[in-house]
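Trainee: Here it is, the structure in full.
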Amino acid sequence: HVDWYDVTLEDTCSGLVRSTRIMGSAAPQSGFSSLVPGTMYNISVLARSGNKTAAPVHAITVTASSLLLVFLQPPQLWMASKWRHTLQASWTSPEGGVDFFTVTLRASGSTPQQQTLPPNVTQLVFMGLTPGRLYQLSVNSSAGGLSSENRAEGRTVPDQVSTLSMSIDNSKLQLSWSPPRGDWENYSILLTDGPAVLMNRTISKQSRQLLVSVQSLGLVPGRLYSAELTVNSGGLSNTAHCSSRLAPRSVQQLVIRHADETSLSVQWRQPVGRWDSFMVLLTDEDLATPDTQRILSGGSRECSFKGLTSGRRYTVTVTTNTPAPVSQLQVSNHGSTDSLQAHWELASGDQDSYQVLLVHDSSIIKNGSVVANISSIIFQNLRPGAQYKVVVTTVRAGLTSRQTVAEGRTGEVDSYLVTLRDRDRTLHTLAVSKFNPGCVFNSLISGRLYNISITSCSGRYENHTFIQERTREHLFSESVVVLGVCVRVLILFGFWLSLFLPDPLSTIVFADIHLHVVALFFNPLEPSKVQNPTATHGARDDYLKVYWRHAAGDFDLYQVFIKHNNTFQQNKTVQKMQSECVFTGLVPGRLYTVLVNTWSGSYEASASTHGRT
């Protein structure tokens with residue numbers, strides 16, 4: 001006969017005990033709720049009859065891991081050539097314990113990839129994937145023999161088309177290209193005349209060229225036209241650019257008049273369309289004298305030649321010109337990991353200025369101009385080891401030449417030198433390989449401000465980054481002993497810098513009671529600001545694209561505001577994995593102030609920049 005059953009549940013990690021009593025006449029079962037997922041529990045059942053007890057019966061069980069939030073998307077650095085064709089998998093740490101994660105990536109037509117990861121890893125980058133392909137991710141968390149699985153989908157960024165070119169003659173415009181690698185759905189083609197859109201069309205993926213009538217587009221002789229061809233795959237795209245000019249028309253009603261026996265005068269009517277200047281060439285058909293060449297302004301209508309030989313036959317040729325392009329464009333890094341210099345030979349003839357674009361894949365990073373007597377420019381604050389394209393265009397009286405394009409790459413980082421200082425006293429100096437970009441400093445003083453310098457080394461060149469960070473002070477009850485605080489410096493991809501303890505911008509303190517670790521305390525610091533916020537109009541009149549380098553450390557999201565005269569116009573919330581957004585419907589030519597706020601819980605940090613549509 002049993003009067004009562006005492007059922008006890010003990011958390012084997014924390015020692016927390018819960019118990020309940022079941023009448024002997026009741027059904028032999030019991031339950032406990034609100035337990036910690038993924039945690040091992042010791043269950044004991046003790047039978048009582050009067051004042052007598054039987055030996056307890058024990059069993060051990062583990063609660064299942066909690067559900068995860070799983071994400072699969074291209075990494076923010078996908079435009080850098082080494083990070084193309086990648087997907088970044090990330091997931092939240094489940095509540096309670098977990099023994100390991102099993103991460104599997106699958107796609108139709110591809111071999112599955114699977115990795116088993118320790119419980120402190122919550123992200124993984126898959127490289128060498130097929131461009132534009134849809135992948136399925138499953139993350140299985142296992143604890144004590146039990147597991148739970150969550151899934152997500154993500155698509156790699158499609159490739160650009162290659163060998164994109166545009167040619168225009170008097171009857172047709174022809175756009176030709178070679179298809180990209182991987183998967184895609186269709187193409188989008190945008191043809192523009194400056195800010196004006198002439199054609200916006202979607203065509204099938206089987207197309208390799210597009211022919212359009214010059215008359216249907218209303219193209220003007222002598223004008224430069226631009227084309228964008230975008231490869232679409234799901235909600236992702238990749239754009240290539242090219243430009244071409246419809247040749248200027250020749251002058252009309254060319255007439256030669258004889259002023260006297262040794263002079264000639266040539267007159268003409270100006271052509272239809274756009275042009276910059278006229279070149280007039282006088283040729284002696286008997287080859288007795290050298291040719292005479294003159295460059296005249298675009299408004300000229302006649303030209304005279306004197307001191308000629310009486311009775312000799314001459315030929316006069318009038319050529320309509322557009323601005324000449326620059327030549328010998330070269331881009332070099334001169335050993336620098338974060339800058340490039342472009343140098344060119346000046347275009348022939350009179351020029352007003354040169355427009356210079358710095359392009360990283362399909363995005364215009366910088367858009368500026370230099371005066372006509374300048375033949376070089378330096379771009380700074382670039383990414384180490386990244387490929388850039390420089391585009392130089394001659395500008396004269398509102399007309400532009402054809403583009404001259406060259407590519408260059410910033411220098412690769414060879415190694416890092418990390419120094420930790422307490423005021424003026426150097427505590428540690430570590431040489432760090434670029435293949436293992438991280439180092440740990442421990443046994444520091446809680447609450448003290450430390451100076452950290454990171455030197456990126458590339459051959460004989462160096463680039464220095466300086467930051468300050470403070471370890472946090474903590475107050476505990478007398479029964480808790482603080483064992484230590486550590487600061488870790490992480491250099492990611494050679495140009496990201498984060499501080500984490502051991503998570504980004506957090507402090508971690510290990511508390512110990514009777515030699516048994518019972519808790520981990522995390523205190524988030526104020527988030528850091530984004531780096532190098534930039535707003536560019538992208539050659540569109542009502543548009544600003546805002547982009548930045550990620551804030552260092554841990555944070556939740558970005559919030560981007562755009563304002564004019566201290567009046568907020570628009571705002572957007574941006575996920576932490578992204579580093580750009582677009583504002584449209586703005587006033588052309590207006591200067592706007594852009595704020596990029598980093599949020600971590602209730603803390604925020606703000607960085608600002610200006611941009612003009």
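Residues in the structure tokens are named by chain (A, B, ... in the order shown) and by number from 1 within that chain; ligands are numbered from 1 in the order shown.
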Residues at most 10 Å from A:Ala55, counting only C-alpha atoms, excluding those fewer than 2 positions away in the same chain, as a list in words?
Mentor: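 Result of the neighbour search: Ser44, Val45, Leu46, Ala47, Arg48, Thr53, Val57 and His58 of chain A.
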Trainee: Export N, CA and C atoms of the chosen residues as an mmCIF file, in the first residue's frame?
Mentor:
data_model
loop_
_atom_site.group_PDB
_atom_site.id
_atom_site.type_symbol
_atom_site.label_atom_id
_atom_site.label_comp_id
_atom_site.auth_asym_id
_atom_site.auth_seq_id
_atom_site.Cartn_x
_atom_site.Cartn_y
_atom_site.Cartn_z
ATOM 1 N N SER A 44 13.477 11.843 -9.799
ATOM 2 C CA SER A 44 13.437 10.779 -8.781
ATOM 3 C C SER A 44 12.000 10.645 -8.261
ATOM 4 N N VAL A 45 11.578 9.401 -8.020
ATOM 5 C CA VAL A 45 10.249 9.097 -7.486
ATOM 6 C C VAL A 45 10.442 8.319 -6.180
ATOM 7 N N LEU A 46 9.842 8.836 -5.095
ATOM 8 C CA LEU A 46 9.971 8.242 -3.763
ATOM 9 C C LEU A 46 8.581 7.843 -3.261
ATOM 10 N N ALA A 47 8.383 6.547 -2.947
ATOM 11 C CA ALA A 47 7.091 6.049 -2.453
ATOM 12 C C ALA A 47 7.058 6.139 -0.927
ATOM 13 N N ARG A 48 5.898 6.618 -0.364
ATOM 14 C CA ARG A 48 5.715 6.756 1.085
ATOM 15 C C ARG A 48 4.454 6.003 1.523
ATOM 16 N N THR A 53 9.463 4.918 3.939
ATOM 17 C CA THR A 53 9.772 5.278 2.545
ATOM 18 C C THR A 53 10.567 4.167 1.884
ATOM 19 N N VAL A 57 13.590 5.915 -6.960
ATOM 20 C CA VAL A 57 13.891 5.456 -8.320
ATOM 21 C C VAL A 57 14.277 6.688 -9.146
ATOM 22 N N HIS A 58 15.399 6.608 -9.898
ATOM 23 C CA HIS A 58 15.922 7.768 -10.628
ATOM 24 C C HIS A 58 15.863 7.530 -12.138
#
Trainee: Skipping near chain neighbours, those fewer than 3 positions away, what residues fall within 7 Å of A:Phe305 using only C-alpha atoms, listed as a VMD selection string?
Mentor: chain A and resid 263 to 265
Trainee: Measuring between only C-alpha atoms, which one of A:Val98, A:Val121, A:Leu430, A:Leu420 shows the shortest distance to A:Ser148?
Mentor: A:Val98
Trainee: Looking only at strand (DSSP E or B) from DSSP on the backbone, list the matching residues of stretch 92-222 of chain A as number ranges by chain.
Mentor: A: 100-106, 113-117, 123-126, 134-143, 146-155, 162-168, 172-178, 186-193, 196-204, 209-213
Trainee: Per residue of stretch 230-345 of chain A within 10 Å of stretch 368-375 of chain A, which atom pair is closest and at what distance in Å (one decimal), using only C-alpha atoms, listed by chain and increasing number, as a tab-separated table?
Mentor:
residue	atom	partner	partner_atom	distance
A:Val326	CA	A:Ser375	CA	9.1
A:Leu329	CA	A:Ser375	CA	9.3
A:Ala342	CA	A:Ser375	CA	8.3
A:His343	CA	A:Ser375	CA	5.8
A:Trp344	CA	A:Ser375	CA	5.4
A:Glu345	CA	A:Ser375	CA	6.3
Trainee: Generate a file of the selected residues that holds C-alpha atoms, formatted as a tab-separated table (two decimals), in the first residue's frame.
Mentor:
chain	number	residue	atom	x	y	z
A	326	VAL	CA	41.18	60.58	-72.90
A	329	LEU	CA	44.11	55.49	-68.68
A	342	ALA	CA	44.03	56.88	-61.85
A	343	HIS	CA	46.18	58.64	-64.46
A	344	TRP	CA	45.41	59.48	-68.10
A	345	GLU	CA	46.65	61.50	-71.06
Trainee: May I ask which of the residues A:Thr309, A:Asn463, A:Thr61, A:Gln136 is the closest one to A:Ser339, counting only C-alpha atoms?
Mentor: A:Asn463
Trainee: Please identify every residue of stretch 347-397 of chain A that has at least one atom no farther than 9 Å from an atom of stretch 531-548 of chain A, counting only C-alpha atoms, and for each give the shortest atom pair and the distance in Å to one decimal, arranged by chain then increasing number, as a tab-separated table.
Mentor:
residue	atom	partner	partner_atom	distance
A:Ser363	CA	A:Gly538	CA	8.5
A:Ile364	CA	A:Gly538	CA	6.6
A:Ile365	CA	A:Thr536	CA	7.9
A:Lys366	CA	A:Thr536	CA	7.7
A:Asn367	CA	A:Thr536	CA	7.9
A:Asn381	CA	A:Asn532	CA	8.4
Trainee: Show me, as a list in words, the residues that have an atom within 7 Å of A:Asn321 when counting only C-alpha atoms, minus same-chain residues fewer than 3 positions from it.
Mentor: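 Counting only the stated atoms, we get Trp275, Asp276, Ser277 and Phe278 of chain A.
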Trainee: Mind dumping the selected residues with all heavy atoms as a compact mmCIF listing (two decimals), in the first residue's frame?
Mentor:
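Once written, out_5.txt looks like this:
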# COMPACT_ATOMS: atom_id res chain seq x y z
N TRP A 275 26.98 68.48 -81.65
CA TRP A 275 28.38 68.37 -82.01
C TRP A 275 29.17 69.33 -81.12
O TRP A 275 28.60 70.20 -80.44
CB TRP A 275 28.60 68.68 -83.49
CG TRP A 275 28.30 70.11 -83.85
CD1 TRP A 275 29.16 71.15 -83.92
CD2 TRP A 275 27.02 70.65 -84.16
NE1 TRP A 275 28.52 72.30 -84.24
CE2 TRP A 275 27.19 72.03 -84.40
CE3 TRP A 275 25.73 70.11 -84.26
CZ2 TRP A 275 26.14 72.87 -84.72
CZ3 TRP A 275 24.68 70.93 -84.59
CH2 TRP A 275 24.88 72.30 -84.82
N ASP A 276 30.48 69.20 -81.17
CA ASP A 276 31.33 70.04 -80.32
C ASP A 276 32.12 71.05 -81.13
O ASP A 276 32.22 72.22 -80.76
CB ASP A 276 32.29 69.15 -79.53
CG ASP A 276 33.32 69.96 -78.76
OD1 ASP A 276 32.91 70.83 -77.98
OD2 ASP A 276 34.53 69.74 -78.96
N SER A 277 32.68 70.62 -82.26
CA SER A 277 33.55 71.50 -83.03
C SER A 277 33.61 71.00 -84.47
O SER A 277 33.06 69.95 -84.82
CB SER A 277 34.96 71.53 -82.43
OG SER A 277 35.53 70.23 -82.44
N PHE A 278 34.30 71.80 -85.32
CA PHE A 278 34.51 71.43 -86.71
C PHE A 278 36.01 71.39 -86.98
O PHE A 278 36.77 72.25 -86.50
CB PHE A 278 33.87 72.43 -87.67
CG PHE A 278 32.37 72.53 -87.53
CD1 PHE A 278 31.79 73.66 -86.97
CD2 PHE A 278 31.55 71.50 -87.94
CE1 PHE A 278 30.43 73.77 -86.84
CE2 PHE A 278 30.17 71.59 -87.82
CZ PHE A 278 29.61 72.73 -87.26
Trainee: Of the residues A:Leu224, A:Ile189, A:Val359, A:Leu146, which is the one nearest to A:Ser401, using only C-alpha atoms?
Mentor: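 Going through A:Leu224, A:Ile189, A:Val359, A:Leu146 one by one, the smallest distance to A:Ser401 is for A:Leu224.
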Trainee: Which residue is closest to A:Leu236? Choose from A:His428, A:Arg294, A:Arg269, A:Arg133 and count only C-alpha atoms.
Mentor: A:Arg133
Trainee: Give me the residues near A:Thr393 as a list in words, where near means some atom within 7 Å (using only C-alpha atoms) and where sequence neighbours in that chain fewer than 5 positions away do not count.
Mentor: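 Non-adjacent residues within range: Pro325, Tyr354, Gln355, Val356, Thr400, Ser401, Arg402, Gln403 and Thr404 of chain A.
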Trainee: Those residues you just picked out, can you put them in a file as a PDB file, in the first residue's frame with C-alpha atoms?
Mentor:
ATOM      1  CA  PRO A 325      38.148  60.813 -75.166  1.00  0.00           C
ATOM      2  CA  TYR A 354      36.546  65.357 -67.033  1.00  0.00           C
ATOM      3  CA  GLN A 355      33.884  63.291 -65.292  1.00  0.00           C
ATOM      4  CA  VAL A 356      35.435  60.463 -63.252  1.00  0.00           C
ATOM      5  CA  THR A 400      30.447  64.123 -73.451  1.00  0.00           C
ATOM      6  CA  SER A 401      32.950  61.866 -75.169  1.00  0.00           C
ATOM      7  CA  ARG A 402      32.829  58.122 -75.247  1.00  0.00           C
ATOM      8  CA  GLN A 403      33.964  56.544 -71.989  1.00  0.00           C
ATOM      9  CA  THR A 404      37.509  55.363 -71.327  1.00  0.00           C
TER      10      THR A 404
END
Trainee: Neighbours of A:Thr322 within 12 Å (only C-alpha atoms; same-chain residues fewer than 2 positions away dropped), as number ranges by chain?
Mentor: A: 221-224, 245-250, 273-279, 295, 297-298, 319-320, 324-325, 347-351, 394-402
Trainee: Closest to A:Ser456 among A:Phe441, A:Trp599, A:Tyr416, A:Phe435, using only C-alpha atoms?
Mentor: A:Tyr416
Trainee: Quick one: residues within 12 Å of A:Gln578, only C-alpha atoms counted, chain neighbours fewer than 2 positions away excluded, as a PDB file with N, CA, C and O atoms, in the first residue's frame?
Mentor:
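Below is the file that was written, result_39.pdb:
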ATOM      1  N   GLN A  73      20.965  34.180 -46.681  1.00  0.00           N
ATOM      2  CA  GLN A  73      20.984  35.302 -47.614  1.00  0.00           C
ATOM      3  C   GLN A  73      22.413  35.565 -48.058  1.00  0.00           C
ATOM      4  O   GLN A  73      23.370  35.124 -47.415  1.00  0.00           O
ATOM      5  N   PRO A  74      22.567  36.296 -49.186  1.00  0.00           N
ATOM      6  CA  PRO A  74      23.929  36.647 -49.601  1.00  0.00           C
ATOM      7  C   PRO A  74      24.582  37.524 -48.550  1.00  0.00           C
ATOM      8  O   PRO A  74      23.925  38.376 -47.954  1.00  0.00           O
ATOM      9  N   PRO A  75      25.888  37.328 -48.297  1.00  0.00           N
ATOM     10  CA  PRO A  75      26.571  38.198 -47.332  1.00  0.00           C
ATOM     11  C   PRO A  75      26.646  39.616 -47.854  1.00  0.00           C
ATOM     12  O   PRO A  75      26.557  39.854 -49.058  1.00  0.00           O
ATOM     13  N   GLN A  76      26.802  40.579 -46.926  1.00  0.00           N
ATOM     14  CA  GLN A  76      26.811  41.977 -47.315  1.00  0.00           C
ATOM     15  C   GLN A  76      27.980  42.316 -48.227  1.00  0.00           C
ATOM     16  O   GLN A  76      27.953  43.299 -48.946  1.00  0.00           O
ATOM     17  N   LEU A  77      29.010  41.474 -48.231  1.00  0.00           N
ATOM     18  CA  LEU A  77      30.199  41.746 -49.032  1.00  0.00           C
ATOM     19  C   LEU A  77      30.148  41.076 -50.394  1.00  0.00           C
ATOM     20  O   LEU A  77      31.168  40.912 -51.041  1.00  0.00           O
ATOM     21  N   TRP A  78      28.933  40.710 -50.861  1.00  0.00           N
ATOM     22  CA  TRP A  78      28.880  39.892 -52.077  1.00  0.00           C
ATOM     23  C   TRP A  78      29.456  40.619 -53.289  1.00  0.00           C
ATOM     24  O   TRP A  78      29.928  39.989 -54.227  1.00  0.00           O
ATOM     25  N   VAL A 530      28.160  53.468 -37.676  1.00  0.00           N
ATOM     26  CA  VAL A 530      28.576  52.947 -38.973  1.00  0.00           C
ATOM     27  C   VAL A 530      29.782  53.747 -39.449  1.00  0.00           C
ATOM     28  O   VAL A 530      30.039  54.864 -38.981  1.00  0.00           O
ATOM     29  N   VAL A 546      22.028  55.418 -50.256  1.00  0.00           N
ATOM     30  CA  VAL A 546      22.828  55.577 -49.050  1.00  0.00           C
ATOM     31  C   VAL A 546      23.495  54.230 -48.742  1.00  0.00           C
ATOM     32  O   VAL A 546      22.817  53.195 -48.720  1.00  0.00           O
ATOM     33  N   TYR A 547      24.805  54.240 -48.533  1.00  0.00           N
ATOM     34  CA  TYR A 547      25.494  53.013 -48.160  1.00  0.00           C
ATOM     35  C   TYR A 547      26.585  53.341 -47.150  1.00  0.00           C
ATOM     36  O   TYR A 547      27.002  54.491 -47.005  1.00  0.00           O
ATOM     37  N   TRP A 548      27.009  52.333 -46.428  1.00  0.00           N
ATOM     38  CA  TRP A 548      27.973  52.533 -45.346  1.00  0.00           C
ATOM     39  C   TRP A 548      28.717  51.245 -45.064  1.00  0.00           C
ATOM     40  O   TRP A 548      28.300  50.169 -45.525  1.00  0.00           O
ATOM     41  N   ARG A 549      29.796  51.371 -44.310  1.00  0.00           N
ATOM     42  CA  ARG A 549      30.460  50.180 -43.784  1.00  0.00           C
ATOM     43  C   ARG A 549      29.810  49.821 -42.461  1.00  0.00           C
ATOM     44  O   ARG A 549      29.467  50.688 -41.660  1.00  0.00           O
ATOM     45  N   HIS A 550      29.678  48.532 -42.222  1.00  0.00           N
ATOM     46  CA  HIS A 550      28.952  48.067 -41.045  1.00  0.00           C
ATOM     47  C   HIS A 550      29.538  48.621 -39.751  1.00  0.00           C
ATOM     48  O   HIS A 550      30.753  48.800 -39.623  1.00  0.00           O
ATOM     49  N   ALA A 551      28.659  48.881 -38.803  1.00  0.00           N
ATOM     50  CA  ALA A 551      29.104  49.231 -37.459  1.00  0.00           C
ATOM     51  C   ALA A 551      29.820  48.031 -36.844  1.00  0.00           C
ATOM     52  O   ALA A 551      29.451  46.883 -37.069  1.00  0.00           O
ATOM     53  N   ASP A 556      21.201  45.461 -33.295  1.00  0.00           N
ATOM     54  CA  ASP A 556      19.961  44.825 -33.735  1.00  0.00           C
ATOM     55  C   ASP A 556      19.566  45.217 -35.157  1.00  0.00           C
ATOM     56  O   ASP A 556      19.166  44.380 -35.955  1.00  0.00           O
ATOM     57  N   LEU A 557      19.657  46.496 -35.477  1.00  0.00           N
ATOM     58  CA  LEU A 557      19.194  46.974 -36.783  1.00  0.00           C
ATOM     59  C   LEU A 557      19.734  48.371 -37.033  1.00  0.00           C
ATOM     60  O   LEU A 557      20.317  49.005 -36.153  1.00  0.00           O
ATOM     61  N   TYR A 558      19.524  48.851 -38.287  1.00  0.00           N
ATOM     62  CA  TYR A 558      19.818  50.227 -38.642  1.00  0.00           C
ATOM     63  C   TYR A 558      18.510  50.972 -38.905  1.00  0.00           C
ATOM     64  O   TYR A 558      17.530  50.377 -39.373  1.00  0.00           O
ATOM     65  N   GLN A 559      18.513  52.267 -38.634  1.00  0.00           N
ATOM     66  CA  GLN A 559      17.406  53.131 -39.019  1.00  0.00           C
ATOM     67  C   GLN A 559      18.007  54.334 -39.732  1.00  0.00           C
ATOM     68  O   GLN A 559      18.896  55.013 -39.206  1.00  0.00           O
ATOM     69  N   VAL A 560      17.526  54.591 -40.966  1.00  0.00           N
ATOM     70  CA  VAL A 560      18.102  55.630 -41.811  1.00  0.00           C
ATOM     71  C   VAL A 560      17.066  56.728 -42.018  1.00  0.00           C
ATOM     72  O   VAL A 560      15.923  56.452 -42.420  1.00  0.00           O
ATOM     73  N   THR A 573      13.861  51.403 -42.055  1.00  0.00           N
ATOM     74  CA  THR A 573      14.514  50.459 -41.149  1.00  0.00           C
ATOM     75  C   THR A 573      15.217  49.398 -41.987  1.00  0.00           C
ATOM     76  O   THR A 573      14.621  48.817 -42.895  1.00  0.00           O
ATOM     77  N   VAL A 574      16.487  49.138 -41.691  1.00  0.00           N
ATOM     78  CA  VAL A 574      17.333  48.253 -42.495  1.00  0.00           C
ATOM     79  C   VAL A 574      17.845  47.123 -41.609  1.00  0.00           C
ATOM     80  O   VAL A 574      18.312  47.362 -40.492  1.00  0.00           O
ATOM     81  N   GLN A 575      17.765  45.884 -42.097  1.00  0.00           N
ATOM     82  CA  GLN A 575      18.258  44.741 -41.337  1.00  0.00           C
ATOM     83  C   GLN A 575      19.761  44.848 -41.112  1.00  0.00           C
ATOM     84  O   GLN A 575      20.490  45.440 -41.910  1.00  0.00           O
ATOM     85  N   LYS A 576      20.238  44.241 -40.031  1.00  0.00           N
ATOM     86  CA  LYS A 576      21.641  44.349 -39.647  1.00  0.00           C
ATOM     87  C   LYS A 576      22.576  43.738 -40.674  1.00  0.00           C
ATOM     88  O   LYS A 576      23.745  44.118 -40.737  1.00  0.00           O
ATOM     89  N   GLU A 580      22.852  49.225 -47.045  1.00  0.00           N
ATOM     90  CA  GLU A 580      22.467  50.238 -48.003  1.00  0.00           C
ATOM     91  C   GLU A 580      20.965  50.320 -48.095  1.00  0.00           C
ATOM     92  O   GLU A 580      20.243  49.399 -47.705  1.00  0.00           O
ATOM     93  N   CYS A 581      20.469  51.460 -48.568  1.00  0.00           N
ATOM     94  CA  CYS A 581      19.058  51.626 -48.862  1.00  0.00           C
ATOM     95  C   CYS A 581      18.915  52.756 -49.868  1.00  0.00           C
ATOM     96  O   CYS A 581      19.863  53.505 -50.134  1.00  0.00           O
TER      97      CYS A 581
END
